[in-house]
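Shown next, in structure tokens, is the structure this report addresses.
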Amino acid sequence: MIKVNVINEYDDNDYSKILKLVASAVSKNQKILKSRVLNIVITNNETIKDYNKKYRNVDSETDVLSFPSDEKGELGDILISYDRVISQAEDYGHSKERELAFLACHGMLHCLGFDHMNESEEKEMFNLQDIILNSINIRRE
């Protein structure tokens, strides 16, 4: 089971329900044996750019950053740029909720050790993302 703390620095909308649904689906599709705490911060391009520069030495905005935790009982932290959620949802022709759920799922899988540095890793991770999102009826439109 994953306990999700949602910190929304972007606006007054409550996205905790959809993010907790994604976390529940991830935990059902992965062997998460112990309770874990996951923090999801919804922020803006400026803040995520600062974190990207500080922790990855990349001086640009990105859509999602994941910080897996080594602490017992913690899964990690995920930062999501809501500015990018809006623009990417428009670019891909689907809802903001679908884009937010996708980025949260993607970030959680990174916290669980998945990556997409080569073709086989990418195929495995992206296939699992589709399975998880489809299981909670969040589909590409």
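We label chains A, B, ... in the order they appear in the structure tokens, count residues from 1 in each chain, and number ligands from 1 in the order shown.
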
Going by DSSP on the backbone, which bits of stretch 75-134 of chain A are strand (DSSP E)? Write them as a ChimeraX atom specification, please.
/A:75-81

Keeping only C-alpha atoms, write the selected residues as a PDB file, in the first residue's frame.
ATOM      1  CA  LEU A  75       9.034   5.470  -1.831  1.00  0.00           C
ATOM      2  CA  GLY A  76      10.255   8.950  -2.728  1.00  0.00           C
ATOM      3  CA  ASP A  77       9.221  12.328  -4.059  1.00  0.00           C
ATOM      4  CA  ILE A  78       7.823  13.317  -7.432  1.00  0.00           C
ATOM      5  CA  LEU A  79       7.647  16.843  -8.825  1.00  0.00           C
ATOM      6  CA  ILE A  80       5.237  17.501 -11.689  1.00  0.00           C
ATOM      7  CA  SER A  81       5.112  20.751 -13.656  1.00  0.00           C
TER       8      SER A  81
END

Long-range neighbours of stretch 103-111 of chain A as a PyMOL selection string, 8 Å cut-off, only C-alpha atoms, 3 positions minimum in chain:
chain A and resi 19+22-23+26+40+63-69+75-78+80+99-100+114-115+125+129+132-133

Limited to N, CA and C atoms, could you put the picked residues into a file as a PDB file, in the first residue's frame?
ATOM      1  N   LEU A  19      -4.476  11.080  -8.204  1.00  0.00           N
ATOM      2  CA  LEU A  19      -3.105  10.652  -7.910  1.00  0.00           C
ATOM      3  C   LEU A  19      -3.096   9.441  -6.979  1.00  0.00           C
ATOM      4  N   VAL A  22      -3.962   6.407  -9.090  1.00  0.00           N
ATOM      5  CA  VAL A  22      -2.786   5.944  -9.835  1.00  0.00           C
ATOM      6  C   VAL A  22      -1.852   5.176  -8.905  1.00  0.00           C
ATOM      7  N   ALA A  23      -1.604   5.702  -7.715  1.00  0.00           N
ATOM      8  CA  ALA A  23      -0.717   5.028  -6.768  1.00  0.00           C
ATOM      9  C   ALA A  23      -1.251   3.657  -6.389  1.00  0.00           C
ATOM     10  N   VAL A  26      -0.610   1.355  -9.310  1.00  0.00           N
ATOM     11  CA  VAL A  26       0.815   0.996  -9.380  1.00  0.00           C
ATOM     12  C   VAL A  26       1.124  -0.083  -8.349  1.00  0.00           C
ATOM     13  N   ILE A  40       3.932  13.779  -3.746  1.00  0.00           N
ATOM     14  CA  ILE A  40       3.805  14.313  -5.097  1.00  0.00           C
ATOM     15  C   ILE A  40       3.577  15.809  -4.977  1.00  0.00           C
ATOM     16  N   ASP A  63       8.851  17.845 -17.491  1.00  0.00           N
ATOM     17  CA  ASP A  63       7.486  17.599 -17.034  1.00  0.00           C
ATOM     18  C   ASP A  63       7.423  16.924 -15.669  1.00  0.00           C
ATOM     19  N   VAL A  64       8.357  16.006 -15.410  1.00  0.00           N
ATOM     20  CA  VAL A  64       8.315  15.265 -14.143  1.00  0.00           C
ATOM     21  C   VAL A  64       9.732  14.922 -13.702  1.00  0.00           C
ATOM     22  N   LEU A  65       9.956  15.029 -12.412  1.00  0.00           N
ATOM     23  CA  LEU A  65      11.218  14.595 -11.798  1.00  0.00           C
ATOM     24  C   LEU A  65      10.888  13.626 -10.672  1.00  0.00           C
ATOM     25  N   SER A  66      11.674  12.572 -10.575  1.00  0.00           N
ATOM     26  CA  SER A  66      11.477  11.564  -9.526  1.00  0.00           C
ATOM     27  C   SER A  66      12.718  11.490  -8.658  1.00  0.00           C
ATOM     28  N   PHE A  67      12.490  11.379  -7.370  1.00  0.00           N
ATOM     29  CA  PHE A  67      13.567  11.246  -6.411  1.00  0.00           C
ATOM     30  C   PHE A  67      13.280  10.037  -5.525  1.00  0.00           C
ATOM     31  N   PRO A  68      13.751   8.851  -5.929  1.00  0.00           N
ATOM     32  CA  PRO A  68      13.546   7.656  -5.103  1.00  0.00           C
ATOM     33  C   PRO A  68      14.196   7.856  -3.730  1.00  0.00           C
ATOM     34  N   SER A  69      13.628   7.228  -2.740  1.00  0.00           N
ATOM     35  CA  SER A  69      14.140   7.358  -1.382  1.00  0.00           C
ATOM     36  C   SER A  69      14.819   6.077  -0.923  1.00  0.00           C
ATOM     37  N   LEU A  75       8.825   5.782  -0.420  1.00  0.00           N
ATOM     38  CA  LEU A  75       9.034   5.470  -1.831  1.00  0.00           C
ATOM     39  C   LEU A  75       9.817   6.583  -2.513  1.00  0.00           C
ATOM     40  N   GLY A  76       9.521   7.825  -2.170  1.00  0.00           N
ATOM     41  CA  GLY A  76      10.255   8.950  -2.728  1.00  0.00           C
ATOM     42  C   GLY A  76       9.378  10.155  -2.938  1.00  0.00           C
ATOM     43  N   ASP A  77       9.906  11.081  -3.743  1.00  0.00           N
ATOM     44  CA  ASP A  77       9.221  12.328  -4.059  1.00  0.00           C
ATOM     45  C   ASP A  77       9.132  12.481  -5.572  1.00  0.00           C
ATOM     46  N   ILE A  78       8.025  13.045  -6.016  1.00  0.00           N
ATOM     47  CA  ILE A  78       7.823  13.317  -7.432  1.00  0.00           C
ATOM     48  C   ILE A  78       7.402  14.774  -7.569  1.00  0.00           C
ATOM     49  N   ILE A  80       5.903  17.435 -10.395  1.00  0.00           N
ATOM     50  CA  ILE A  80       5.237  17.501 -11.689  1.00  0.00           C
ATOM     51  C   ILE A  80       4.978  18.970 -12.016  1.00  0.00           C
ATOM     52  N   GLU A  99      -3.025  13.419 -18.524  1.00  0.00           N
ATOM     53  CA  GLU A  99      -1.601  13.762 -18.555  1.00  0.00           C
ATOM     54  C   GLU A  99      -1.009  13.748 -17.141  1.00  0.00           C
ATOM     55  N   LEU A 100      -1.740  14.278 -16.175  1.00  0.00           N
ATOM     56  CA  LEU A 100      -1.281  14.272 -14.790  1.00  0.00           C
ATOM     57  C   LEU A 100      -1.132  12.839 -14.287  1.00  0.00           C
ATOM     58  N   PHE A 114      12.364   1.525 -12.165  1.00  0.00           N
ATOM     59  CA  PHE A 114      12.242   1.385 -13.614  1.00  0.00           C
ATOM     60  C   PHE A 114      12.908   2.566 -14.304  1.00  0.00           C
ATOM     61  N   ASP A 115      13.386   2.323 -15.513  1.00  0.00           N
ATOM     62  CA  ASP A 115      14.004   3.392 -16.285  1.00  0.00           C
ATOM     63  C   ASP A 115      13.767   3.143 -17.766  1.00  0.00           C
ATOM     64  N   MET A 125       8.927  -0.446 -19.358  1.00  0.00           N
ATOM     65  CA  MET A 125       8.338   0.606 -18.527  1.00  0.00           C
ATOM     66  C   MET A 125       7.080   1.188 -19.172  1.00  0.00           C
ATOM     67  N   GLN A 129       3.227   1.145 -17.825  1.00  0.00           N
ATOM     68  CA  GLN A 129       2.438   2.376 -17.678  1.00  0.00           C
ATOM     69  C   GLN A 129       1.073   2.222 -18.324  1.00  0.00           C
ATOM     70  N   ILE A 132      -1.154  -0.114 -16.244  1.00  0.00           N
ATOM     71  CA  ILE A 132      -1.607   0.537 -15.010  1.00  0.00           C
ATOM     72  C   ILE A 132      -2.696   1.560 -15.306  1.00  0.00           C
ATOM     73  N   LEU A 133      -2.453   2.432 -16.262  1.00  0.00           N
ATOM     74  CA  LEU A 133      -3.438   3.469 -16.569  1.00  0.00           C
ATOM     75  C   LEU A 133      -4.725   2.884 -17.144  1.00  0.00           C
TER      76      LEU A 133
END

So which residues touch A:Ser16 within 10 Å, counting only C-alpha atoms, skipping near sequence neighbours fewer than 3 positions away, as a list of chain:residue names?
A:Val4, A:Asn5, A:Val6, A:Ile7, A:Asn8, A:Asn13, A:Leu19, A:Lys20, A:Leu21, A:Val22, A:Ile40

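Nearest residue to A:Asn45 among A:Asp12, A:Asp59, A:Asp83, A:Glu122 is A:Asp83, counting only C-alpha atoms.
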
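Nearest residue to A:Asp11 among A:Ile131, A:Ile48, A:Ile42, A:Ala89 is A:Ile42, counting only C-alpha atoms.
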
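From atom CA of A:Ser95 back to atom CA of A:Tyr15, the distance works out to 13.2 Å.
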
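Note that the spacing between atom CA of A:Phe102 and atom CA of A:Lys53 amounts to 23.2 Å.
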
Determine which residues of stretch 8-137 of chain A DSSP labels as helix (DSSP H, G or I) from the backbone of this structure, then write them out as a ChimeraX atom specification.
/A:16-29,45-56,82-92,96-111,119-135

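Excluding A:Lys3 and any residue on its chain fewer than 4 positions from it, the residues at most 8 Å away by only C-alpha atoms are Lys20, Ser35, Arg36, Val37 and Leu38 of chain A.
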